[in-house]
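Q: Data: coords-v8.cif, mmCIF, N, CA and C atoms.
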```cif
data_run
#
loop_
_atom_site.label_atom_id
_atom_site.label_comp_id
_atom_site.auth_asym_id
_atom_site.auth_seq_id
_atom_site.Cartn_x
_atom_site.Cartn_y
_atom_site.Cartn_z
N MET Q 1370 8.13 3.26 16.27
CA MET Q 1370 8.07 3.52 14.85
C MET Q 1370 7.04 4.62 14.60
N ASN Q 1371 7.44 5.61 13.85
CA ASN Q 1371 6.56 6.76 13.62
C ASN Q 1371 5.66 6.60 12.41
N ASP Q 1372 6.08 5.84 11.42
CA ASP Q 1372 5.33 5.73 10.18
C ASP Q 1372 5.15 4.26 9.79
N PRO Q 1373 4.12 3.59 10.33
CA PRO Q 1373 3.96 2.16 10.05
C PRO Q 1373 3.65 1.85 8.59
N ILE Q 1374 2.90 2.71 7.90
CA ILE Q 1374 2.60 2.46 6.49
C ILE Q 1374 3.87 2.62 5.65
N GLY Q 1375 4.65 3.64 5.93
CA GLY Q 1375 5.92 3.84 5.23
C GLY Q 1375 6.86 2.67 5.45
N ASP Q 1376 6.88 2.13 6.67
CA ASP Q 1376 7.71 0.97 6.98
C ASP Q 1376 7.26 -0.25 6.17
N MET Q 1377 5.96 -0.47 6.08
CA MET Q 1377 5.44 -1.61 5.32
C MET Q 1377 5.78 -1.47 3.84
N LEU Q 1378 5.61 -0.28 3.28
CA LEU Q 1378 5.91 -0.06 1.87
C LEU Q 1378 7.39 -0.26 1.59
N THR Q 1379 8.24 0.17 2.51
CA THR Q 1379 9.68 -0.02 2.35
C THR Q 1379 10.05 -1.49 2.42
N ARG Q 1380 9.40 -2.26 3.29
CA ARG Q 1380 9.66 -3.70 3.37
C ARG Q 1380 9.27 -4.38 2.05
N ILE Q 1381 8.15 -3.96 1.47
CA ILE Q 1381 7.72 -4.53 0.18
C ILE Q 1381 8.72 -4.16 -0.91
N ARG Q 1382 9.12 -2.90 -0.97
CA ARG Q 1382 10.07 -2.41 -1.97
C ARG Q 1382 11.41 -3.16 -1.85
N ASN Q 1383 11.93 -3.29 -0.63
CA ASN Q 1383 13.20 -3.97 -0.42
C ASN Q 1383 13.13 -5.45 -0.79
N ALA Q 1384 12.04 -6.11 -0.42
CA ALA Q 1384 11.89 -7.54 -0.74
C ALA Q 1384 11.82 -7.75 -2.25
N GLN Q 1385 11.16 -6.86 -2.96
CA GLN Q 1385 11.07 -7.01 -4.41
C GLN Q 1385 12.40 -6.73 -5.08
N MET Q 1386 13.18 -5.80 -4.56
CA MET Q 1386 14.51 -5.55 -5.12
C MET Q 1386 15.42 -6.76 -4.96
N ARG Q 1387 15.21 -7.54 -3.90
CA ARG Q 1387 16.01 -8.74 -3.66
C ARG Q 1387 15.41 -9.98 -4.31
N GLY Q 1388 14.23 -9.86 -4.93
CA GLY Q 1388 13.60 -10.99 -5.61
C GLY Q 1388 12.95 -11.99 -4.67
N LYS Q 1389 12.59 -11.56 -3.48
CA LYS Q 1389 11.96 -12.45 -2.50
C LYS Q 1389 10.52 -12.73 -2.91
N SER Q 1390 10.00 -13.89 -2.52
CA SER Q 1390 8.61 -14.23 -2.85
C SER Q 1390 7.65 -13.75 -1.77
N THR Q 1391 8.15 -13.62 -0.53
CA THR Q 1391 7.31 -13.14 0.56
C THR Q 1391 8.11 -12.19 1.44
N THR Q 1392 7.38 -11.39 2.20
CA THR Q 1392 7.97 -10.55 3.22
C THR Q 1392 6.97 -10.44 4.36
N SER Q 1393 7.44 -10.06 5.52
CA SER Q 1393 6.53 -9.95 6.66
C SER Q 1393 6.60 -8.54 7.23
N THR Q 1394 5.51 -8.15 7.88
CA THR Q 1394 5.41 -6.85 8.52
C THR Q 1394 4.52 -7.01 9.74
N PRO Q 1395 4.75 -6.20 10.78
CA PRO Q 1395 3.85 -6.27 11.93
C PRO Q 1395 2.41 -5.97 11.53
N ALA Q 1396 1.47 -6.60 12.19
CA ALA Q 1396 0.06 -6.47 11.83
C ALA Q 1396 -0.59 -5.27 12.52
N SER Q 1397 -1.48 -4.60 11.79
CA SER Q 1397 -2.36 -3.58 12.34
C SER Q 1397 -3.56 -3.48 11.41
N LYS Q 1398 -4.61 -2.86 11.89
CA LYS Q 1398 -5.82 -2.73 11.06
C LYS Q 1398 -5.54 -1.91 9.81
N LEU Q 1399 -4.85 -0.77 9.96
CA LEU Q 1399 -4.58 0.10 8.82
C LEU Q 1399 -3.72 -0.60 7.78
N ARG Q 1400 -2.69 -1.31 8.22
CA ARG Q 1400 -1.84 -2.05 7.29
C ARG Q 1400 -2.66 -3.11 6.56
N GLY Q 1401 -3.56 -3.78 7.25
CA GLY Q 1401 -4.42 -4.78 6.63
C GLY Q 1401 -5.32 -4.17 5.57
N TRP Q 1402 -5.86 -2.99 5.86
CA TRP Q 1402 -6.73 -2.33 4.88
C TRP Q 1402 -5.95 -1.91 3.64
N VAL Q 1403 -4.73 -1.41 3.82
CA VAL Q 1403 -3.90 -1.04 2.68
C VAL Q 1403 -3.54 -2.28 1.87
N LEU Q 1404 -3.21 -3.38 2.54
CA LEU Q 1404 -2.91 -4.62 1.84
C LEU Q 1404 -4.12 -5.17 1.10
N ASP Q 1405 -5.33 -4.96 1.65
CA ASP Q 1405 -6.55 -5.36 0.95
C ASP Q 1405 -6.67 -4.63 -0.38
N VAL Q 1406 -6.40 -3.33 -0.38
CA VAL Q 1406 -6.48 -2.54 -1.61
C VAL Q 1406 -5.41 -3.01 -2.60
N LEU Q 1407 -4.18 -3.24 -2.13
CA LEU Q 1407 -3.12 -3.73 -3.01
C LEU Q 1407 -3.48 -5.08 -3.63
N ALA Q 1408 -4.09 -5.96 -2.84
CA ALA Q 1408 -4.51 -7.27 -3.36
C ALA Q 1408 -5.66 -7.13 -4.35
N ASP Q 1409 -6.63 -6.28 -4.04
CA ASP Q 1409 -7.77 -6.08 -4.94
C ASP Q 1409 -7.34 -5.50 -6.29
N GLU Q 1410 -6.33 -4.63 -6.26
CA GLU Q 1410 -5.86 -4.00 -7.49
C GLU Q 1410 -4.84 -4.87 -8.23
N GLY Q 1411 -4.44 -6.01 -7.65
CA GLY Q 1411 -3.57 -6.95 -8.33
C GLY Q 1411 -2.08 -6.67 -8.19
N TYR Q 1412 -1.67 -5.89 -7.21
CA TYR Q 1412 -0.26 -5.58 -7.03
C TYR Q 1412 0.47 -6.60 -6.16
N ILE Q 1413 -0.27 -7.33 -5.32
CA ILE Q 1413 0.32 -8.42 -4.54
C ILE Q 1413 -0.59 -9.64 -4.69
N ARG Q 1414 -0.03 -10.82 -4.45
CA ARG Q 1414 -0.85 -12.03 -4.53
C ARG Q 1414 -1.85 -12.11 -3.39
N GLY Q 1415 -1.43 -11.66 -2.22
CA GLY Q 1415 -2.29 -11.70 -1.05
C GLY Q 1415 -1.44 -11.63 0.21
N TYR Q 1416 -2.09 -11.83 1.32
CA TYR Q 1416 -1.38 -11.82 2.60
C TYR Q 1416 -2.17 -12.68 3.59
N GLU Q 1417 -1.47 -13.11 4.62
CA GLU Q 1417 -2.14 -13.89 5.65
C GLU Q 1417 -1.61 -13.47 7.02
N ALA Q 1418 -2.47 -13.58 7.99
CA ALA Q 1418 -2.10 -13.21 9.36
C ALA Q 1418 -1.31 -14.35 9.99
N THR Q 1419 -0.17 -14.01 10.57
CA THR Q 1419 0.66 -14.99 11.26
C THR Q 1419 1.16 -14.36 12.56
N THR Q 1420 2.08 -15.02 13.20
CA THR Q 1420 2.76 -14.44 14.36
C THR Q 1420 4.25 -14.51 14.11
N ASP Q 1421 4.98 -13.52 14.62
CA ASP Q 1421 6.43 -13.53 14.45
C ASP Q 1421 7.07 -14.41 15.52
N GLU Q 1422 8.38 -14.43 15.54
CA GLU Q 1422 9.08 -15.32 16.46
C GLU Q 1422 8.88 -14.96 17.93
N ARG Q 1423 8.46 -13.73 18.21
CA ARG Q 1423 8.22 -13.31 19.60
C ARG Q 1423 6.75 -13.44 19.99
N GLY Q 1424 5.91 -13.93 19.07
CA GLY Q 1424 4.50 -14.12 19.37
C GLY Q 1424 3.63 -12.92 19.03
N HIS Q 1425 4.20 -11.88 18.40
CA HIS Q 1425 3.42 -10.71 18.02
C HIS Q 1425 2.70 -10.97 16.70
N PRO Q 1426 1.51 -10.40 16.52
CA PRO Q 1426 0.80 -10.60 15.25
C PRO Q 1426 1.55 -9.95 14.09
N ALA Q 1427 1.55 -10.61 12.94
CA ALA Q 1427 2.25 -10.12 11.76
C ALA Q 1427 1.48 -10.53 10.52
N PHE Q 1428 1.81 -9.89 9.41
CA PHE Q 1428 1.26 -10.25 8.11
C PHE Q 1428 2.38 -10.80 7.24
N GLU Q 1429 2.13 -11.93 6.59
CA GLU Q 1429 3.05 -12.50 5.62
C GLU Q 1429 2.51 -12.13 4.24
N ILE Q 1430 3.23 -11.27 3.53
CA ILE Q 1430 2.78 -10.72 2.25
C ILE Q 1430 3.40 -11.53 1.11
N SER Q 1431 2.56 -12.05 0.20
CA SER Q 1431 3.04 -12.78 -0.98
C SER Q 1431 3.16 -11.78 -2.12
N LEU Q 1432 4.37 -11.57 -2.58
CA LEU Q 1432 4.64 -10.60 -3.64
C LEU Q 1432 4.35 -11.20 -5.01
N LYS Q 1433 4.09 -10.34 -5.97
CA LYS Q 1433 3.69 -10.78 -7.30
C LYS Q 1433 4.73 -10.32 -8.33
N TYR Q 1434 5.08 -11.23 -9.23
CA TYR Q 1434 6.05 -10.95 -10.29
C TYR Q 1434 5.44 -11.33 -11.64
N PHE Q 1435 5.88 -10.63 -12.69
CA PHE Q 1435 5.45 -10.95 -14.05
C PHE Q 1435 6.71 -11.04 -14.91
N ASP Q 1436 6.98 -12.20 -15.48
CA ASP Q 1436 8.20 -12.46 -16.26
C ASP Q 1436 9.45 -12.10 -15.48
N GLY Q 1437 9.47 -12.38 -14.20
CA GLY Q 1437 10.64 -12.15 -13.38
C GLY Q 1437 10.82 -10.74 -12.86
N THR Q 1438 9.95 -9.81 -13.28
CA THR Q 1438 10.05 -8.43 -12.78
C THR Q 1438 8.89 -8.17 -11.83
N PRO Q 1439 9.12 -7.36 -10.79
CA PRO Q 1439 8.05 -7.08 -9.84
C PRO Q 1439 6.88 -6.34 -10.50
N VAL Q 1440 5.67 -6.67 -10.08
CA VAL Q 1440 4.48 -5.99 -10.59
C VAL Q 1440 4.47 -4.54 -10.10
N ILE Q 1441 4.89 -4.32 -8.86
CA ILE Q 1441 4.99 -2.96 -8.32
C ILE Q 1441 6.30 -2.36 -8.81
N ARG Q 1442 6.21 -1.38 -9.70
CA ARG Q 1442 7.41 -0.73 -10.20
C ARG Q 1442 7.83 0.42 -9.29
N GLU Q 1443 6.86 1.12 -8.74
CA GLU Q 1443 7.15 2.27 -7.90
C GLU Q 1443 6.07 2.39 -6.84
N VAL Q 1444 6.48 2.57 -5.60
CA VAL Q 1444 5.54 2.80 -4.51
C VAL Q 1444 6.06 4.01 -3.74
N LYS Q 1445 5.19 4.99 -3.53
CA LYS Q 1445 5.60 6.24 -2.92
C LYS Q 1445 4.64 6.63 -1.81
N ARG Q 1446 5.16 7.02 -0.69
CA ARG Q 1446 4.35 7.51 0.44
C ARG Q 1446 4.04 8.97 0.16
N VAL Q 1447 2.76 9.36 0.20
CA VAL Q 1447 2.36 10.74 -0.06
C VAL Q 1447 2.15 11.48 1.25
N SER Q 1448 1.23 11.00 2.06
CA SER Q 1448 0.92 11.63 3.34
C SER Q 1448 1.84 11.05 4.40
N LYS Q 1449 2.62 11.89 5.03
CA LYS Q 1449 3.60 11.44 6.02
C LYS Q 1449 3.21 11.97 7.39
N PRO Q 1450 3.77 11.43 8.46
CA PRO Q 1450 3.41 11.92 9.80
C PRO Q 1450 3.67 13.41 9.99
N GLY Q 1451 4.71 13.94 9.36
CA GLY Q 1451 5.01 15.36 9.50
C GLY Q 1451 4.21 16.26 8.59
N ARG Q 1452 3.62 15.69 7.55
CA ARG Q 1452 2.85 16.47 6.59
C ARG Q 1452 1.73 15.60 6.01
N ARG Q 1453 0.56 15.76 6.58
CA ARG Q 1453 -0.61 15.02 6.10
C ARG Q 1453 -1.14 15.69 4.84
N VAL Q 1454 -1.58 14.86 3.88
CA VAL Q 1454 -2.09 15.37 2.61
C VAL Q 1454 -3.54 14.93 2.46
N TYR Q 1455 -4.46 15.89 2.55
CA TYR Q 1455 -5.88 15.62 2.38
C TYR Q 1455 -6.34 16.23 1.07
N MET Q 1456 -7.19 15.53 0.34
CA MET Q 1456 -7.68 16.02 -0.94
C MET Q 1456 -9.16 15.74 -1.09
N SER Q 1457 -9.83 16.68 -1.76
CA SER Q 1457 -11.24 16.46 -2.08
C SER Q 1457 -11.32 15.47 -3.24
N VAL Q 1458 -12.51 15.03 -3.54
CA VAL Q 1458 -12.69 14.03 -4.58
C VAL Q 1458 -12.21 14.55 -5.94
N ASP Q 1459 -12.33 15.84 -6.19
CA ASP Q 1459 -11.90 16.41 -7.47
C ASP Q 1459 -10.39 16.51 -7.58
N ASP Q 1460 -9.69 16.55 -6.45
CA ASP Q 1460 -8.24 16.76 -6.46
C ASP Q 1460 -7.42 15.48 -6.31
N ILE Q 1461 -8.08 14.32 -6.10
CA ILE Q 1461 -7.33 13.07 -5.93
C ILE Q 1461 -6.57 12.79 -7.22
N PRO Q 1462 -5.25 12.61 -7.13
CA PRO Q 1462 -4.44 12.47 -8.35
C PRO Q 1462 -4.63 11.12 -9.03
N GLN Q 1463 -4.53 11.15 -10.36
CA GLN Q 1463 -4.47 9.91 -11.12
C GLN Q 1463 -2.99 9.57 -11.28
N VAL Q 1464 -2.63 8.36 -11.02
CA VAL Q 1464 -1.24 7.93 -11.11
C VAL Q 1464 -1.00 7.38 -12.51
N ARG Q 1465 -0.06 7.96 -13.22
CA ARG Q 1465 0.31 7.54 -14.58
C ARG Q 1465 -0.91 7.43 -15.48
N GLN Q 1466 -1.73 8.45 -15.52
CA GLN Q 1466 -2.93 8.52 -16.35
C GLN Q 1466 -3.85 7.31 -16.14
N GLY Q 1467 -3.95 6.86 -14.89
CA GLY Q 1467 -4.86 5.78 -14.55
C GLY Q 1467 -4.24 4.40 -14.55
N LEU Q 1468 -2.96 4.27 -14.93
CA LEU Q 1468 -2.31 2.96 -14.91
C LEU Q 1468 -1.92 2.55 -13.50
N GLY Q 1469 -1.69 3.51 -12.63
CA GLY Q 1469 -1.37 3.24 -11.24
C GLY Q 1469 -2.58 3.50 -10.36
N VAL Q 1470 -2.37 3.47 -9.05
CA VAL Q 1470 -3.47 3.66 -8.11
C VAL Q 1470 -2.98 4.49 -6.93
N SER Q 1471 -3.84 5.39 -6.47
CA SER Q 1471 -3.62 6.10 -5.21
C SER Q 1471 -4.47 5.42 -4.15
N ILE Q 1472 -3.91 5.21 -2.97
CA ILE Q 1472 -4.66 4.61 -1.88
C ILE Q 1472 -5.08 5.74 -0.95
N VAL Q 1473 -6.40 5.85 -0.74
CA VAL Q 1473 -6.98 6.97 -0.01
C VAL Q 1473 -7.70 6.45 1.23
N SER Q 1474 -7.45 7.11 2.36
CA SER Q 1474 -8.16 6.80 3.59
C SER Q 1474 -9.33 7.77 3.70
N THR Q 1475 -10.55 7.25 3.61
CA THR Q 1475 -11.75 8.09 3.63
C THR Q 1475 -12.57 7.78 4.87
N SER Q 1476 -13.66 8.51 5.03
CA SER Q 1476 -14.56 8.22 6.13
C SER Q 1476 -15.32 6.91 5.92
N LYS Q 1477 -15.31 6.40 4.71
CA LYS Q 1477 -15.94 5.12 4.39
C LYS Q 1477 -14.94 3.97 4.38
N GLY Q 1478 -13.68 4.23 4.76
CA GLY Q 1478 -12.66 3.20 4.79
C GLY Q 1478 -11.53 3.50 3.83
N VAL Q 1479 -10.55 2.62 3.80
CA VAL Q 1479 -9.41 2.76 2.90
C VAL Q 1479 -9.80 2.16 1.56
N MET Q 1480 -9.57 2.94 0.48
CA MET Q 1480 -9.97 2.49 -0.85
C MET Q 1480 -9.06 3.07 -1.91
N SER Q 1481 -9.18 2.57 -3.12
CA SER Q 1481 -8.40 3.09 -4.24
C SER Q 1481 -8.99 4.41 -4.70
N ASP Q 1482 -8.22 5.13 -5.51
CA ASP Q 1482 -8.69 6.42 -5.99
C ASP Q 1482 -9.93 6.29 -6.87
N ALA Q 1483 -10.02 5.22 -7.65
CA ALA Q 1483 -11.19 5.02 -8.51
C ALA Q 1483 -12.44 4.78 -7.68
N ASN Q 1484 -12.31 3.99 -6.62
CA ASN Q 1484 -13.45 3.73 -5.74
C ASN Q 1484 -13.85 4.99 -4.98
N ALA Q 1485 -12.88 5.82 -4.60
CA ALA Q 1485 -13.18 7.07 -3.91
C ALA Q 1485 -13.93 8.02 -4.83
N ARG Q 1486 -13.52 8.07 -6.10
CA ARG Q 1486 -14.23 8.93 -7.06
C ARG Q 1486 -15.65 8.41 -7.29
N ALA Q 1487 -15.80 7.09 -7.37
CA ALA Q 1487 -17.13 6.51 -7.58
C ALA Q 1487 -18.04 6.77 -6.39
N ALA Q 1488 -17.48 6.77 -5.18
CA ALA Q 1488 -18.26 7.06 -3.98
C ALA Q 1488 -18.39 8.55 -3.72
N ASN Q 1489 -17.72 9.37 -4.55
CA ASN Q 1489 -17.75 10.83 -4.45
C ASN Q 1489 -17.32 11.30 -3.05
N ILE Q 1490 -16.14 10.80 -2.64
CA ILE Q 1490 -15.63 11.11 -1.30
C ILE Q 1490 -14.12 11.30 -1.37
N GLY Q 1491 -13.63 12.29 -0.66
CA GLY Q 1491 -12.19 12.56 -0.58
C GLY Q 1491 -11.63 12.05 0.72
N GLY Q 1492 -10.37 12.34 0.97
CA GLY Q 1492 -9.75 11.91 2.21
C GLY Q 1492 -8.25 12.10 2.19
N GLU Q 1493 -7.57 11.36 3.03
CA GLU Q 1493 -6.11 11.43 3.12
C GLU Q 1493 -5.48 10.49 2.12
N VAL Q 1494 -4.63 11.01 1.24
CA VAL Q 1494 -3.93 10.19 0.26
C VAL Q 1494 -2.74 9.55 0.94
N LEU Q 1495 -2.81 8.25 1.18
CA LEU Q 1495 -1.73 7.54 1.90
C LEU Q 1495 -0.52 7.30 1.03
N CYS Q 1496 -0.72 6.74 -0.16
CA CYS Q 1496 0.41 6.42 -1.03
C CYS Q 1496 -0.05 6.26 -2.46
N THR Q 1497 0.92 6.20 -3.37
CA THR Q 1497 0.64 5.90 -4.76
C THR Q 1497 1.44 4.68 -5.17
N VAL Q 1498 0.87 3.86 -6.03
CA VAL Q 1498 1.51 2.62 -6.47
C VAL Q 1498 1.40 2.56 -7.98
N PHE Q 1499 2.53 2.18 -8.62
CA PHE Q 1499 2.53 2.00 -10.07
C PHE Q 1499 3.35 0.79 -10.41
#
```
How would this structure read if it were set down as structure tokens?

A:
Amino acid sequence: MNDPIGDMLTRIRNAQMRGKSTTSTPASKLRGWVLDVLADEGYIRGYEATTDERGHPAFEISLKYFDGTPVIREVKRVSKPGRRVYMSVDDIPQVRQGLGVSIVSTSKGVMSDANARAANIGGEVLCTVF
């Protein structure tokens, strides 16, 4: 698999389109950090580390709904393996005038765009969520 973050976001998007309450994805440190940001910002209920049927580590993601509609309306991968997108702190985009969140990988860790601006640090924009 070339794009593990893109794969995880697609699994979340597909599960929400089908109305599933949970979905699973293979575990990695980067995926865990992105899921931490999604949980902190209130886009998912949470996640827990499990193992899949072959004994490999995995994350079981609990999706969040409000009045039967998914909380995540749109999730988009910005930085891809073929084209990395790096931005300074002044250039980090605001998603929907601040209603959404950009997830940024910085030298201080993976964080939301608001936290990156507060820490005055730029980095690679992984994805945007609204």

Q: With all atoms listed in the file as the atoms that count, which of Q:Leu1468, Q:Val1458, Q:Val1479, Q:Ala1418 lies nearest to Q:Gly1491?

A: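 The shortest atom-to-atom distance to Q:Gly1491 comes from Q:Val1458.
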
Q: One decimal, in Å: what's the spacing between atom CA of Q:Tyr1455 and atom CA of Q:Gly1492?

A: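 Between atom CA of Q:Tyr1455 and atom CA of Q:Gly1492 the gap works out to 5.4 Å.
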
Q: Just so the selection is clear, what residues does the PyMOL selection byres ((chain Q and resi 1450-1453) around 8) cover here, as number ranges by chain?

A: Q: 1371-1372, 1447-1449, 1454-1456, 1493-1494

Q: Could you list, as number ranges by chain, every residue matched by the PyMOL selection byres ((chain Q and resi 1473) around 6.5) in this structure?

A: Q: 1471-1472, 1474-1475, 1478-1482, 1492-1496

Q: Evaluate the PyMOL selection byres (((chain Q and resi 1469 and name CA) around 12) and name CA) and record the selected residues as number ranges by chain, following the chain and residue labels used in the document.

A: Q: 1407, 1410-1412, 1440-1445, 1462-1468, 1470-1472, 1481-1483, 1496-1499

Q: Enumerate the residues of stretch 1389-1487 of chain Q with a DSSP assignment of alpha helix (DSSP H), computed from the backbone, and present them as a list in words.

A: Lys1398, Leu1399, Arg1400, Gly1401, Trp1402, Val1403, Leu1404, Asp1405, Val1406, Leu1407, Ala1408, Asp1409, Asp1482, Ala1483, Asn1484, Ala1485, Arg1486 and Ala1487 of chain Q

Q: Out of Q:Ile1490, Q:Ile1413, Q:Ser1476, Q:Pro1426, which residue has the shortest atom-to-atom distance to Q:Arg1382 when counting only C-alpha atoms?

A: Q:Ile1413

Q: Would you please give, as a list in words, all residues of stretch 1397-1431 of chain Q that DSSP assigns to strand (DSSP E or B) based on the backbone?

A: Ile1413, Arg1414, Gly1415, Tyr1416, Glu1417, Ala1418, Thr1419, Thr1420, Pro1426, Ala1427, Phe1428, Glu1429, Ile1430 and Ser1431 of chain Q

Q: Hey, can you pull every residue with an atom no more than 6.5 Å from (3.4, -13.4, -4.7), using all atoms listed in the file, and send it as a ChimeraX atom specification?

A: /Q:1390-1391,1413-1415,1430-1434

Q: As lines of an AutoDock Vina configuration file, please report the centre and edge lengths, rounded to one decimal in Å, of the axis-aligned box that holds all listed atoms of stretch 1378-1382 of chain Q with 5 Å of padding on each of the six sides.

A:
```
center_x = 8.5
center_y = -2.2
center_z = 0.7
size_x = 15.8
size_y = 14.7
size_z = 15.3
```

Q: Would you work out the distance separating atom N of Q:Asn1484 from atom CA of Q:Thr1394, expressed in Å to one decimal?

A: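 That distance, rounded to one decimal, is 25.7 Å.
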
Q: So what do you get for atom CA of Q:Phe1428 versus atom CA of Q:Ile1461, distance-wise?

A: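 Taking atom CA of Q:Phe1428 as the start and atom CA of Q:Ile1461 as the end point, the length is 28.5 Å.
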
Q: Just checking: using only C-alpha atoms, which residue out of Q:Arg1387, Q:Gly1375, Q:Met1370, Q:Ala1408 ends up closest to Q:Arg1446?

A: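 Once distances to Q:Arg1446 are computed over only C-alpha atoms, the minimum belongs to Q:Gly1375.
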
Q: Which residues, protein or nucleic acid, reach to within 12 Å of (-3.1, -5.4, 12.1) in the file's coordinates when using only C-alpha atoms, and can you give that as an MDAnalysis selection string?

A: chainID Q and resid 1373:1374 1377 1393:1405 1416:1420 1425:1429

Q: Would you please work out which residue, of Q:Asp1459, Q:Asn1489, Q:Thr1438, Q:Val1406, is nearest to Q:Gln1385 when using all atoms listed in the file?

A: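 Closest to Q:Gln1385 of all the choices is Q:Thr1438.
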